[in-house]
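Worksheet for the structure shown next.
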Amino acid sequence: MDDRPIGIFDSGLGGLTAVRALTAAAPWESFVYLGDTAHAPYGDRPAEQLRALSRQNVRFLRSRGVKALLVACNTSTANAMDVMLAENPDLPVLGVIEPAAEAAVSATETGRVGLLATAATVASGAYERAIRRLDPGVQVTASACPKLVPLVEAGRTDPDDTELAAAAEEYAAPLLAAGADTVILGCTHYPIIRAAIRRAVGPDVTLIDSGAASVGALLKALEARQALADRKTPGSRRFFCSAGREMFVKTGSAFLGWDMAGLTEQAQL
Ligand code: DGL
């Protein structure tokens with residue numbers, strides 16, 4: 001049993017989709033969350049930069065004494081997971097891609113899966129590889145969505161926002177044309193604009209939330225190491241962002257449904 005916090009990071013608000021799932025499934029777990037808003041979006045950056053930023057985030061969270069790391073960012077998972085695993089052999093380090101790929105493969109009935117993700121995640125081919133390993137018969141159609149994360153970080157999450165609605169339609173179109181019955185929200189920011197994406201894909205497509213899917217794998221890994229929290233009272237919650245604290249708190253609190261203001265600090269990375 002281990003009451004130390006779990007370290008969670010993303011480029012910004014996206015990893016809060018994992019936080020929401022974690023606080024629902026295991027409210028007694030403590031966590032430290034880092035949103036690297038000073039460098040968001042990550043999705044248009046080259047792999048070398050993504051590796052450096054991922055290392056920086058891990059260093060920051062490790063300095064806070066975490067018992068495990070959840071990389072709640074598909075772009076970092078796709079481009080830097082090998083470095084983070086190699087450099088932190090003493091901690092469980094989990095990403096979001098394997099759990100989301102597993103959920104998609106078990107959900108699809110037609111064997112046609114769509115992927116909405118950042119340009120850097122799509123370019124990495126990480127989802128295609130993970131899905132091929134699980135079921136080589138499943139066909140993946142991917143759409144890179146560079147306009148979505150900047151809109152979310154700017155707090156533009158309303159499905160009636162015309163720019164957001166148009167972008168969601170544009171990115172969903174090739175997936176629908178390919179006959180996808182299941183669409184992976186392969187960027188943890190996208191469940192925050194789930195309503196806009198739902199409108200764009202229609203009512204019948206199954207949406208897979210990569211942040212939420214990762215929480216089951218995280219809790220299983222902690223259980224296997226007998227490292228779940230021992231308490232039965234709510235764990236501690238701390239949030240850090242590296243820029244724009246006010247917007248981070250405003251959009252994040254609206255998504256989580258509770259006030260993050262007293263729990264959030266701006267950090268120098
Ligand atoms: N939320 C992240 C992801 O899952 C990063 C998005 C970005 O910063 O471009 O990929």
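By order of appearance in the structure tokens: chains A, B, ..., then residues from 1 within every chain, and ligands from 1 in the order shown.
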
Could I get the residues of chain A with an atom no further than 10 Å from an atom of ligand 1, each paired with its nearest atom pair and that distance in Å to one decimal, using only C-alpha atoms and all ligand atoms, sorted by chain and residue number, as a tab-separated table?
```
residue	atom	partner	partner_atom_place_in_ligand_line	distance
A:Phe9	CA	ligand 1	1 (N)	9.2
A:Asp10	CA	ligand 1	1 (N)	5.7
A:Ser11	CA	ligand 1	8 (O)	4.7
A:Gly12	CA	ligand 1	8 (O)	6.6
A:Leu13	CA	ligand 1	1 (N)	7.1
A:Gly14	CA	ligand 1	1 (N)	4.4
A:Gly15	CA	ligand 1	1 (N)	6.3
A:Leu16	CA	ligand 1	1 (N)	9.2
A:Thr17	CA	ligand 1	1 (N)	9.3
A:Gly35	CA	ligand 1	1 (N)	9.4
A:Asp36	CA	ligand 1	8 (O)	8.6
A:Thr37	CA	ligand 1	8 (O)	8.3
A:His39	CA	ligand 1	8 (O)	7.9
A:Ala40	CA	ligand 1	8 (O)	4.7
A:Pro41	CA	ligand 1	8 (O)	3.3
A:Tyr42	CA	ligand 1	8 (O)	3.6
A:Gly43	CA	ligand 1	9 (O)	3.3
A:Asp44	CA	ligand 1	9 (O)	6.5
A:Arg45	CA	ligand 1	9 (O)	8.3
A:Val71	CA	ligand 1	4 (O)	8.9
A:Ala72	CA	ligand 1	4 (O)	6.5
A:Cys73	CA	ligand 1	4 (O)	3.6
A:Asn74	CA	ligand 1	4 (O)	3.6
A:Thr75	CA	ligand 1	10 (O)	3.9
A:Ser76	CA	ligand 1	10 (O)	6.7
A:Thr77	CA	ligand 1	10 (O)	8.0
A:Ala78	CA	ligand 1	10 (O)	8.4
A:Gly95	CA	ligand 1	4 (O)	9.9
A:Val96	CA	ligand 1	4 (O)	8.0
A:Ile97	CA	ligand 1	4 (O)	9.2
A:Leu116	CA	ligand 1	10 (O)	9.9
A:Ala117	CA	ligand 1	10 (O)	6.5
A:Thr118	CA	ligand 1	9 (O)	5.7
A:Ala119	CA	ligand 1	9 (O)	8.1
A:Ala120	CA	ligand 1	10 (O)	8.1
A:Thr121	CA	ligand 1	10 (O)	6.7
A:Val122	CA	ligand 1	10 (O)	9.8
A:Cys145	CA	ligand 1	9 (O)	9.0
A:Pro146	CA	ligand 1	9 (O)	7.4
A:Lys147	CA	ligand 1	9 (O)	9.2
A:Leu148	CA	ligand 1	9 (O)	8.3
A:Val149	CA	ligand 1	9 (O)	5.6
A:Pro150	CA	ligand 1	9 (O)	7.8
A:Val152	CA	ligand 1	6 (C)	9.8
A:Glu153	CA	ligand 1	8 (O)	8.9
A:Leu185	CA	ligand 1	4 (O)	8.5
A:Gly186	CA	ligand 1	4 (O)	6.2
A:Cys187	CA	ligand 1	4 (O)	3.2
A:Thr188	CA	ligand 1	4 (O)	4.0
A:His189	CA	ligand 1	1 (N)	4.7
A:Tyr190	CA	ligand 1	1 (N)	7.7
A:Pro191	CA	ligand 1	1 (N)	10.0
A:Ser210	CA	ligand 1	4 (O)	7.9
A:Gly211	CA	ligand 1	4 (O)	7.9
```

Let me see the file: selected residues, N, CA and C atoms, as a short mmCIF file (atom, residue, chain, number, x, y, z; two decimals), in the first residue's frame.
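The result, written out as again_14.cif:
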```cif
data_model
loop_
_atom_site.label_atom_id
_atom_site.label_comp_id
_atom_site.auth_asym_id
_atom_site.auth_seq_id
_atom_site.Cartn_x
_atom_site.Cartn_y
_atom_site.Cartn_z
N PHE A 9 0.73 13.99 -16.48
CA PHE A 9 1.00 15.21 -17.25
C PHE A 9 0.39 15.19 -18.64
N ASP A 10 0.21 16.39 -19.15
CA ASP A 10 -0.25 16.63 -20.52
C ASP A 10 0.33 17.99 -20.95
N SER A 11 0.09 18.34 -22.19
CA SER A 11 0.54 19.67 -22.66
C SER A 11 -0.31 20.78 -22.06
N GLY A 12 -1.47 20.44 -21.53
CA GLY A 12 -2.36 21.47 -21.00
C GLY A 12 -3.54 20.84 -20.29
N LEU A 13 -4.74 21.14 -20.81
CA LEU A 13 -5.97 20.72 -20.13
C LEU A 13 -6.35 19.27 -20.41
N GLY A 14 -5.82 18.68 -21.48
CA GLY A 14 -6.31 17.37 -21.95
C GLY A 14 -6.27 16.28 -20.90
N GLY A 15 -5.18 16.23 -20.13
CA GLY A 15 -5.04 15.15 -19.14
C GLY A 15 -6.10 15.20 -18.05
N LEU A 16 -6.84 16.31 -17.98
CA LEU A 16 -7.93 16.36 -16.99
C LEU A 16 -9.00 15.32 -17.31
N THR A 17 -9.03 14.84 -18.55
CA THR A 17 -9.99 13.78 -18.88
C THR A 17 -9.59 12.49 -18.14
N GLY A 35 0.13 20.51 -16.34
CA GLY A 35 -0.24 20.90 -17.71
C GLY A 35 0.83 21.86 -18.22
N ASP A 36 1.58 21.44 -19.23
CA ASP A 36 2.69 22.27 -19.72
C ASP A 36 2.17 23.30 -20.72
N THR A 37 1.30 24.17 -20.22
CA THR A 37 0.61 25.15 -21.08
C THR A 37 1.56 26.14 -21.75
N HIS A 39 4.10 25.38 -23.36
CA HIS A 39 4.57 24.78 -24.61
C HIS A 39 3.46 24.15 -25.44
N ALA A 40 2.19 24.30 -25.01
CA ALA A 40 1.07 23.74 -25.78
C ALA A 40 0.83 24.61 -27.01
N PRO A 41 0.38 24.06 -28.12
CA PRO A 41 0.14 22.62 -28.32
C PRO A 41 1.42 21.83 -28.62
N TYR A 42 1.40 20.58 -28.19
CA TYR A 42 2.52 19.68 -28.48
C TYR A 42 2.40 19.09 -29.89
N GLY A 43 1.17 19.06 -30.39
CA GLY A 43 0.86 18.24 -31.56
C GLY A 43 1.55 18.60 -32.86
N ASP A 44 2.10 19.81 -32.95
CA ASP A 44 2.77 20.21 -34.19
C ASP A 44 4.29 20.21 -34.03
N ARG A 45 4.78 19.69 -32.90
CA ARG A 45 6.23 19.75 -32.64
C ARG A 45 6.94 18.49 -33.15
N VAL A 71 1.20 9.22 -18.38
CA VAL A 71 1.44 10.14 -19.49
C VAL A 71 0.09 10.34 -20.18
N ALA A 72 -0.65 11.35 -19.70
CA ALA A 72 -2.03 11.54 -20.18
C ALA A 72 -2.05 12.40 -21.43
N CYS A 73 -1.12 12.11 -22.31
CA CYS A 73 -0.94 12.87 -23.55
C CYS A 73 -0.58 11.86 -24.63
N ASN A 74 -1.42 11.76 -25.64
CA ASN A 74 -1.14 10.81 -26.73
C ASN A 74 0.12 11.18 -27.49
N THR A 75 0.34 12.49 -27.67
CA THR A 75 1.48 12.96 -28.46
C THR A 75 2.79 12.57 -27.79
N SER A 76 2.87 12.73 -26.45
CA SER A 76 4.07 12.31 -25.71
C SER A 76 4.18 10.79 -25.69
N THR A 77 3.04 10.11 -25.48
CA THR A 77 3.08 8.64 -25.47
C THR A 77 3.62 8.13 -26.81
N ALA A 78 3.13 8.72 -27.91
CA ALA A 78 3.51 8.24 -29.24
C ALA A 78 4.97 8.52 -29.55
N GLY A 95 1.13 4.92 -20.51
CA GLY A 95 0.66 5.86 -21.52
C GLY A 95 -0.81 5.64 -21.82
N VAL A 96 -1.30 6.35 -22.82
CA VAL A 96 -2.74 6.29 -23.13
C VAL A 96 -3.07 5.50 -24.39
N ILE A 97 -2.06 5.16 -25.19
CA ILE A 97 -2.36 4.58 -26.51
C ILE A 97 -2.79 3.11 -26.44
N LEU A 116 -8.93 10.25 -34.43
CA LEU A 116 -8.75 11.70 -34.42
C LEU A 116 -7.59 11.96 -33.47
N ALA A 117 -6.55 12.65 -33.93
CA ALA A 117 -5.37 12.85 -33.09
C ALA A 117 -4.57 14.04 -33.61
N THR A 118 -3.51 14.38 -32.87
CA THR A 118 -2.67 15.48 -33.34
C THR A 118 -1.82 15.00 -34.53
N ALA A 119 -1.22 15.97 -35.23
CA ALA A 119 -0.38 15.62 -36.38
C ALA A 119 0.78 14.73 -35.95
N ALA A 120 1.39 15.04 -34.78
CA ALA A 120 2.55 14.26 -34.34
C ALA A 120 2.16 12.83 -33.94
N THR A 121 0.95 12.65 -33.41
CA THR A 121 0.50 11.29 -33.08
C THR A 121 0.20 10.52 -34.35
N VAL A 122 -0.50 11.15 -35.29
CA VAL A 122 -0.81 10.46 -36.55
C VAL A 122 0.48 10.09 -37.27
N CYS A 145 -5.72 16.63 -36.59
CA CYS A 145 -6.67 17.71 -36.26
C CYS A 145 -5.97 18.92 -35.63
N PRO A 146 -5.14 19.64 -36.37
CA PRO A 146 -4.34 20.71 -35.75
C PRO A 146 -5.14 21.87 -35.17
N LYS A 147 -6.41 22.05 -35.60
CA LYS A 147 -7.14 23.22 -35.09
C LYS A 147 -7.77 23.00 -33.71
N LEU A 148 -7.89 21.73 -33.28
CA LEU A 148 -8.73 21.47 -32.09
C LEU A 148 -8.08 21.88 -30.76
N VAL A 149 -6.83 21.51 -30.54
CA VAL A 149 -6.22 21.80 -29.22
C VAL A 149 -6.15 23.32 -28.95
N PRO A 150 -5.72 24.15 -29.92
CA PRO A 150 -5.73 25.59 -29.64
C PRO A 150 -7.12 26.12 -29.27
N VAL A 152 -9.52 24.39 -27.68
CA VAL A 152 -9.79 23.95 -26.30
C VAL A 152 -9.01 24.80 -25.31
N GLU A 153 -7.72 25.01 -25.58
CA GLU A 153 -6.89 25.79 -24.65
C GLU A 153 -7.38 27.24 -24.54
N LEU A 185 -10.78 9.02 -29.69
CA LEU A 185 -10.41 10.40 -29.39
C LEU A 185 -8.94 10.32 -28.95
N GLY A 186 -8.06 10.28 -29.95
CA GLY A 186 -6.65 9.97 -29.72
C GLY A 186 -5.83 11.18 -29.32
N CYS A 187 -6.49 12.12 -28.68
CA CYS A 187 -5.84 13.26 -28.03
C CYS A 187 -6.69 13.50 -26.80
N THR A 188 -6.05 13.62 -25.65
CA THR A 188 -6.83 13.70 -24.41
C THR A 188 -7.64 14.99 -24.30
N HIS A 189 -7.34 15.97 -25.14
CA HIS A 189 -8.16 17.19 -25.14
C HIS A 189 -9.56 16.95 -25.71
N TYR A 190 -9.73 15.97 -26.58
CA TYR A 190 -10.97 15.89 -27.35
C TYR A 190 -12.23 15.55 -26.54
N PRO A 191 -12.14 14.77 -25.46
CA PRO A 191 -13.38 14.57 -24.68
C PRO A 191 -13.93 15.88 -24.10
N SER A 210 -9.39 8.29 -24.70
CA SER A 210 -8.08 7.70 -24.40
C SER A 210 -7.63 7.98 -22.96
N GLY A 211 -7.97 9.15 -22.43
CA GLY A 211 -7.58 9.46 -21.04
C GLY A 211 -8.29 8.55 -20.06
#
```

Distance query Leu218 (chain A) at most 9 Å, only C-alpha atoms, self and fewer than 2 positions along chain excluded, as a PyMOL selection string = chain A and resi 68-70+92-95+214-216+220-223

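Nearest to Gln266 (chain A) of all the residues A:Met84, A:Ala154, A:Ala38, A:Ile184 is A:Ala38, based on only C-alpha atoms.
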
Run DSSP on the backbone and grab whatever in region 13-53 of chain A lands in strand (DSSP E); send it over as a list in words.
->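 Selection result, strand (DSSP E) within region 13-53 of chain A: Phe31, Val32, Tyr33, Leu34 and Gly35 of chain A.
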
For Ala18 (chain A), which residue out of A:Thr233, A:Phe255, A:Ala227, A:Ala267 is the nearest one, using only C-alpha atoms?
-> A:Phe255

So which bits of region 99-211 of chain A end up alpha helix (DSSP H) when you DSSP the backbone, as a PyMOL selection string?
-> chain A and resi 99-107+119-124+126-134+148-153+162-177+194-201+210-211

Near-Trp28 (chain A) list (6 Å; only C-alpha atoms; drop same-chain fewer than 2 positions) as an NGL selection string = :A and (26 or 232-235)

Grab the residues selected above and save them as a CSV table (one decimal), in the first residue's frame with C-alpha atoms.
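That gives us selection_34.csv:
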```csv
chain,number,residue,atom,x,y,z
A,26,ALA,CA,-10.5,5.8,-7.1
A,232,LYS,CA,-10.6,5.5,2.3
A,233,THR,CA,-10.8,9.3,2.5
A,234,PRO,CA,-10.3,11.5,-0.5
A,235,GLY,CA,-6.7,11.8,-1.7
```

Could you name the residues that touch Arg20 (chain A) at 8 Å or less, counting only C-alpha atoms, but leaving out those on the same chain fewer than 4 positions away, as a CSV table (one decimal) with all heavy atoms, in the first residue's frame?
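The resulting file, out01.csv, is shown below:
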```csv
chain,number,residue,atom,x,y,z
A,16,LEU,N,-6.8,16.3,-18.0
A,16,LEU,CA,-7.9,16.4,-17.0
A,16,LEU,C,-9.0,15.3,-17.3
A,16,LEU,O,-9.8,14.9,-16.4
A,16,LEU,CB,-8.6,17.8,-16.9
A,16,LEU,CG,-7.6,18.9,-16.5
A,16,LEU,CD1,-8.4,20.2,-16.4
A,16,LEU,CD2,-7.0,18.6,-15.1
A,24,ALA,N,-13.2,9.6,-10.3
A,24,ALA,CA,-14.5,8.8,-10.2
A,24,ALA,C,-14.2,7.3,-9.8
A,24,ALA,O,-14.9,6.8,-8.9
A,24,ALA,CB,-15.2,8.8,-11.5
A,212,ALA,N,-9.6,8.4,-20.2
A,212,ALA,CA,-10.4,7.5,-19.3
A,212,ALA,C,-9.9,6.1,-19.5
A,212,ALA,O,-9.8,5.4,-18.4
A,212,ALA,CB,-11.9,7.7,-19.6
A,256,LEU,N,-14.3,19.6,-15.1
A,256,LEU,CA,-14.3,18.7,-14.0
A,256,LEU,C,-15.6,18.8,-13.2
A,256,LEU,O,-16.0,17.9,-12.5
A,256,LEU,CB,-13.1,18.9,-13.1
A,256,LEU,CG,-11.7,18.4,-13.7
A,256,LEU,CD1,-10.6,18.8,-12.7
A,256,LEU,CD2,-11.7,16.9,-13.9
```

Do you have the CA of Thr157 (chain A)-CA of Tyr171 (chain A) distance handy?
->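 If I compute the distance from CA of Thr157 (chain A) to CA of Tyr171 (chain A), I get 16.1 Å.
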
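The two atoms in question, CA of Arg245 (chain A) and CA of Asp158 (chain A), are spaced 20.6 Å apart.
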
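CA of Gly137 (chain A) to CA of Gly179 (chain A) spans 14.8 Å [interatomic distance, one decimal].
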
Quick one: which region 182-230 of chain A residues come within 9 Å of region 164-169 of chain A, and what is the nearest atom pair for each with the distance in Å to one decimal, counting only C-alpha atoms, rows ordered by chain and ascending number, as CSV?
```
residue,atom,partner,partner_atom,distance
A:Ile193,CA,A:Leu164,CA,8.7
A:Ala196,CA,A:Ala165,CA,5.9
A:Ile197,CA,A:Ala168,CA,5.7
A:Arg198,CA,A:Ala168,CA,9.0
A:Arg199,CA,A:Ala165,CA,8.1
A:Ala200,CA,A:Glu169,CA,4.9
A:Val201,CA,A:Glu169,CA,7.6
```

Best match for closeness to Thr182 (chain A) among A:Ser63, A:Ser253, A:Ser143, A:Thr110, counting only C-alpha atoms = A:Thr110

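Distances from A:Glu87, A:Ala261, A:Glu170, A:Ser30 to Ser54 (chain A) were compared using only C-alpha atoms, and the smallest one belongs to A:Glu87.
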
Pick out the closest residue to Asp135 (chain A) from this set: A:Leu269, A:Ala104, A:Ala254, A:Ala25. Count only C-alpha atoms.
-> A:Ala104
